[in-house]
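Remarks on the structure that follows.
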Amino acid sequence: MRLALYQPDIAGNVGTILRLAACLGVGVDLIEPMGFAFSDRALQRAGMDYAAQAEVTRHADWAAFEASATRIVLLTTEGGVRLDRARFAGADTLLLGSESAGVPRHVHDRADVRVRIPMRAGFRSLNIAVAGAMALGEALRQTGGWPLP
C-alpha cells in the first residue's frame, strides 16, 4: 500500500502525510513539481522527527510516477465509488491531488478506481491529509495491512 501526492501545494499537509506513513509503514510517492521546497520548515514541523523515517520516492513528473505505479486509486470529489463501498488490494497506490487544483483530466482518467468520501450536502472537500488518513485506514483494514505492535 502506498500514498501518492500529485503536485502538492502545502508543506504542512505533506509533513502530516509523511508522519502518517512513517507510523503505519506505508510508502509515499511525491509527484513533482511541488509548490514549496522539500526542506520547507512547515514540512519539518508537521512531520516532526517521524518524516525522516518515512519511505519517500520523489518523481520528477507524472510520467515518471506512472511508469512505476501499480493500481491507482484516486481520491476525488468526482469519484464514482463511495469509500465505504470501495474494494482495496494490498498493492494499491492511493493518489491525492494538489490542494489547489486536484488532478488534471488525463490523471483522473488514468486512475483504475475513483473513490469519493461521502459528505453532507453543501460541503466541497476535506483536507488532503484527513482524506488520505481516512482512505488509508479503510484500505489497511480491508487488506490486513495494519502494522503489528
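Letters A, B, ... mark the chains of the C-alpha cells in the order given; residue numbers begin at 1 per chain; ligand numbers begin at 1, in order shown.
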Could you find all residues in segment 20-96 of chain A that DSSP calls strand (DSSP E) from the backbone, and write them as a PyMOL selection string? chain A and resi 27-31+56-59+72-75+81-82+93-96
Selection from above, N, CA and C atoms, as a PDB file, in the first residue's frame, can you write it?
```pdb
ATOM      1  N   GLY A  27       4.599   3.453   2.184  1.00  0.00           N
ATOM      2  CA  GLY A  27       5.447   4.297   1.349  1.00  0.00           C
ATOM      3  C   GLY A  27       4.687   5.491   0.802  1.00  0.00           C
ATOM      4  N   VAL A  28       5.434   6.545   0.450  1.00  0.00           N
ATOM      5  CA  VAL A  28       4.850   7.769  -0.100  1.00  0.00           C
ATOM      6  C   VAL A  28       5.546   8.110  -1.413  1.00  0.00           C
ATOM      7  N   ASP A  29       4.751   8.444  -2.422  1.00  0.00           N
ATOM      8  CA  ASP A  29       5.256   8.937  -3.700  1.00  0.00           C
ATOM      9  C   ASP A  29       4.907  10.410  -3.814  1.00  0.00           C
ATOM     10  N   LEU A  30       5.896  11.247  -4.066  1.00  0.00           N
ATOM     11  CA  LEU A  30       5.687  12.678  -4.276  1.00  0.00           C
ATOM     12  C   LEU A  30       5.911  12.964  -5.751  1.00  0.00           C
ATOM     13  N   ILE A  31       4.858  13.434  -6.415  1.00  0.00           N
ATOM     14  CA  ILE A  31       4.917  13.713  -7.849  1.00  0.00           C
ATOM     15  C   ILE A  31       5.139  15.207  -8.017  1.00  0.00           C
ATOM     16  N   VAL A  56      10.089   7.549   1.205  1.00  0.00           N
ATOM     17  CA  VAL A  56       9.627   8.532   0.232  1.00  0.00           C
ATOM     18  C   VAL A  56      10.330   8.320  -1.102  1.00  0.00           C
ATOM     19  N   THR A  57       9.532   8.313  -2.174  1.00  0.00           N
ATOM     20  CA  THR A  57      10.071   8.300  -3.527  1.00  0.00           C
ATOM     21  C   THR A  57       9.581   9.562  -4.214  1.00  0.00           C
ATOM     22  N   ARG A  58      10.528  10.337  -4.715  1.00  0.00           N
ATOM     23  CA  ARG A  58      10.175  11.559  -5.448  1.00  0.00           C
ATOM     24  C   ARG A  58      10.233  11.266  -6.938  1.00  0.00           C
ATOM     25  N   HIS A  59       9.198  11.715  -7.655  1.00  0.00           N
ATOM     26  CA  HIS A  59       9.103  11.519  -9.104  1.00  0.00           C
ATOM     27  C   HIS A  59       9.146  12.885  -9.774  1.00  0.00           C
ATOM     28  N   ILE A  72      -3.874   2.338  -9.400  1.00  0.00           N
ATOM     29  CA  ILE A  72      -4.019   3.695  -8.858  1.00  0.00           C
ATOM     30  C   ILE A  72      -5.462   3.908  -8.422  1.00  0.00           C
ATOM     31  N   VAL A  73      -5.629   4.240  -7.139  1.00  0.00           N
ATOM     32  CA  VAL A  73      -6.938   4.558  -6.581  1.00  0.00           C
ATOM     33  C   VAL A  73      -6.932   6.053  -6.289  1.00  0.00           C
ATOM     34  N   LEU A  74      -7.650   6.808  -7.092  1.00  0.00           N
ATOM     35  CA  LEU A  74      -7.702   8.263  -6.951  1.00  0.00           C
ATOM     36  C   LEU A  74      -8.797   8.654  -5.978  1.00  0.00           C
ATOM     37  N   LEU A  75      -8.441   9.476  -4.997  1.00  0.00           N
ATOM     38  CA  LEU A  75      -9.439  10.061  -4.109  1.00  0.00           C
ATOM     39  C   LEU A  75      -9.873  11.373  -4.741  1.00  0.00           C
ATOM     40  N   VAL A  81     -17.183   5.727  -6.849  1.00  0.00           N
ATOM     41  CA  VAL A  81     -17.299   4.701  -5.810  1.00  0.00           C
ATOM     42  C   VAL A  81     -17.145   5.369  -4.448  1.00  0.00           C
ATOM     43  N   ARG A  82     -18.109   5.147  -3.587  1.00  0.00           N
ATOM     44  CA  ARG A  82     -18.015   5.673  -2.213  1.00  0.00           C
ATOM     45  C   ARG A  82     -16.927   4.923  -1.460  1.00  0.00           C
ATOM     46  N   THR A  93      -2.023   2.012  -4.821  1.00  0.00           N
ATOM     47  CA  THR A  93      -1.479   3.336  -4.535  1.00  0.00           C
ATOM     48  C   THR A  93      -2.658   4.290  -4.452  1.00  0.00           C
ATOM     49  N   LEU A  94      -2.835   4.908  -3.282  1.00  0.00           N
ATOM     50  CA  LEU A  94      -3.907   5.876  -3.074  1.00  0.00           C
ATOM     51  C   LEU A  94      -3.379   7.235  -3.486  1.00  0.00           C
ATOM     52  N   LEU A  95      -3.964   7.826  -4.508  1.00  0.00           N
ATOM     53  CA  LEU A  95      -3.485   9.077  -5.091  1.00  0.00           C
ATOM     54  C   LEU A  95      -4.342  10.253  -4.634  1.00  0.00           C
ATOM     55  N   LEU A  96      -3.674  11.285  -4.139  1.00  0.00           N
ATOM     56  CA  LEU A  96      -4.325  12.524  -3.702  1.00  0.00           C
ATOM     57  C   LEU A  96      -3.864  13.664  -4.598  1.00  0.00           C
TER      58      LEU A  96
END
```
If we count only C-alpha atoms, what is near Gly79 of chain A at a cut-off of 7 Å, once residues fewer than 5 positions away on the same chain are taken out, given as a PyMOL selection string? chain A and resi 114-116
Just the alpha helix (DSSP H) stuff from chain A, please, per backbone DSSP, written as a ChimeraX atom specification. /A:11-24,41-47,62-68,105-110,128-143
Can you write out as JSON lines which residues of segment 84-122 of chain A fall within 8 Å of segment 127-131 of chain A, alongside each residue's closest atom pair and its distance in Å to one decimal, counting only C-alpha atoms and ordering rows by chain and ascending residue number?
```
{"residue": "A:Leu96", "atom": "CA", "partner": "A:Ile128", "partner_atom": "CA", "distance": 6.8}
{"residue": "A:Gly97", "atom": "CA", "partner": "A:Ile128", "partner_atom": "CA", "distance": 7.9}
{"residue": "A:Glu99", "atom": "CA", "partner": "A:Ile128", "partner_atom": "CA", "distance": 6.9}
{"residue": "A:Ile117", "atom": "CA", "partner": "A:Ala131", "partner_atom": "CA", "distance": 7.5}
```
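Atom pair atom CA of Gln53 of chain A / atom CA of Ser98 of chain A has a distance of 23.1 Å (rounded to one decimal).
You can rank A:Arg71, A:Asp112, A:Arg141, A:Gly80 by their closest distance to Arg2 of chain A using only C-alpha atoms, and at the top of that list sits A:Arg71.
Of the residues listed (A:Pro8, A:Phe123, A:Asp92, A:Gly132), A:Asp92 shows the shortest atom-to-atom separation from Ala111 of chain A; distances use only C-alpha atoms.
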Each residue of segment 22-122 of chain A with at least one atom at most 8 Å from segment 134-139 of chain A should appear once, together with its nearest atom pair and the corresponding distance in Å (one decimal); atoms considered: only C-alpha atoms; ordering: chain, then increasing residue number; output as JSON lines.
```
{"residue": "A:Leu83", "atom": "CA", "partner": "A:Ala135", "partner_atom": "CA", "distance": 6.9}
{"residue": "A:Asp84", "atom": "CA", "partner": "A:Glu138", "partner_atom": "CA", "distance": 7.9}
{"residue": "A:Arg87", "atom": "CA", "partner": "A:Ala139", "partner_atom": "CA", "distance": 7.8}
{"residue": "A:Phe88", "atom": "CA", "partner": "A:Ala139", "partner_atom": "CA", "distance": 5.5}
{"residue": "A:Ala89", "atom": "CA", "partner": "A:Ala139", "partner_atom": "CA", "distance": 7.5}
{"residue": "A:Gly90", "atom": "CA", "partner": "A:Ala139", "partner_atom": "CA", "distance": 7.9}
{"residue": "A:Leu94", "atom": "CA", "partner": "A:Leu136", "partner_atom": "CA", "distance": 7.5}
```
Would you put the residues from that selection into a file with N, CA and C atoms, as an mmCIF file, in the first residue's frame?
```cif
data_model
loop_
_atom_site.group_PDB
_atom_site.id
_atom_site.type_symbol
_atom_site.label_atom_id
_atom_site.label_comp_id
_atom_site.auth_asym_id
_atom_site.auth_seq_id
_atom_site.Cartn_x
_atom_site.Cartn_y
_atom_site.Cartn_z
ATOM 1 N N LEU A 83 -16.225 5.612 -0.574
ATOM 2 C CA LEU A 83 -15.152 4.989 0.202
ATOM 3 C C LEU A 83 -15.631 3.739 0.929
ATOM 4 N N ASP A 84 -16.816 3.780 1.500
ATOM 5 C CA ASP A 84 -17.312 2.633 2.260
ATOM 6 C C ASP A 84 -17.726 1.463 1.375
ATOM 7 N N ARG A 87 -13.264 -1.411 -2.853
ATOM 8 C CA ARG A 87 -12.524 -2.621 -2.530
ATOM 9 C C ARG A 87 -11.049 -2.368 -2.836
ATOM 10 N N PHE A 88 -10.220 -2.562 -1.825
ATOM 11 C CA PHE A 88 -8.800 -2.265 -1.933
ATOM 12 C C PHE A 88 -7.979 -3.541 -1.999
ATOM 13 N N ALA A 89 -6.785 -3.417 -2.590
ATOM 14 C CA ALA A 89 -5.811 -4.508 -2.656
ATOM 15 C C ALA A 89 -4.516 -4.023 -2.012
ATOM 16 N N GLY A 90 -3.721 -4.956 -1.520
ATOM 17 C CA GLY A 90 -2.507 -4.614 -0.790
ATOM 18 C C GLY A 90 -1.491 -3.813 -1.577
ATOM 19 N N LEU A 94 -2.835 4.908 -3.282
ATOM 20 C CA LEU A 94 -3.907 5.876 -3.074
ATOM 21 C C LEU A 94 -3.379 7.235 -3.486
#
```
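Near Pro33 of chain A, within 7 Å and counting only C-alpha atoms, sit Gln7, Ala60 and Asp61 of chain A, not including residues fewer than 6 positions from it in the same chain.
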Go ahead and save the residues from that selection, with all heavy atoms, as a PDB file, in the first residue's frame.
```pdb
ATOM      1  N   GLN A   7       1.608  16.766  -7.184  1.00  0.00           N
ATOM      2  CA  GLN A   7       1.993  18.183  -7.151  1.00  0.00           C
ATOM      3  C   GLN A   7       1.416  18.921  -5.941  1.00  0.00           C
ATOM      4  O   GLN A   7       0.686  19.904  -6.081  1.00  0.00           O
ATOM      5  CB  GLN A   7       1.594  18.867  -8.456  1.00  0.00           C
ATOM      6  CG  GLN A   7       2.262  18.244  -9.658  1.00  0.00           C
ATOM      7  CD  GLN A   7       1.911  18.917 -10.969  1.00  0.00           C
ATOM      8  OE1 GLN A   7       1.079  19.819 -11.041  1.00  0.00           O
ATOM      9  NE2 GLN A   7       2.546  18.471 -12.043  1.00  0.00           N
ATOM     10  N   ALA A  60       9.950  13.020 -10.819  1.00  0.00           N
ATOM     11  CA  ALA A  60      10.131  14.309 -11.495  1.00  0.00           C
ATOM     12  C   ALA A  60       8.839  14.828 -12.110  1.00  0.00           C
ATOM     13  O   ALA A  60       8.643  16.037 -12.210  1.00  0.00           O
ATOM     14  CB  ALA A  60      11.207  14.188 -12.571  1.00  0.00           C
ATOM     15  N   ASP A  61       7.950  13.917 -12.486  1.00  0.00           N
ATOM     16  CA  ASP A  61       6.687  14.313 -13.112  1.00  0.00           C
ATOM     17  C   ASP A  61       5.726  13.126 -13.133  1.00  0.00           C
ATOM     18  O   ASP A  61       6.055  12.040 -12.660  1.00  0.00           O
ATOM     19  CB  ASP A  61       6.921  14.864 -14.521  1.00  0.00           C
ATOM     20  CG  ASP A  61       7.683  13.909 -15.427  1.00  0.00           C
ATOM     21  OD1 ASP A  61       7.649  12.668 -15.196  1.00  0.00           O
ATOM     22  OD2 ASP A  61       8.328  14.377 -16.380  1.00  0.00           O
TER      23      ASP A  61
END
```
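Closest approach to Glu66 of chain A among A:Val107, A:Pro149, A:Thr143, A:Leu126 is made by A:Val107 (distances from only C-alpha atoms).
Distance-wise, atom CA of Gly102 of chain A and atom CA of Asp49 of chain A end up 28.1 Å apart.
If only C-alpha atoms are the atoms counted, then among A:Ala54, A:Met34, A:Gln142, A:Ser125 the closest residue to Thr76 of chain A is A:Ser125.
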Choose the residue, out of A:Gly144, A:Pro104, A:Gly15, A:Gly35, that has the smallest atom-to-atom separation from Ala52 of chain A; count only C-alpha atoms. A:Gly15
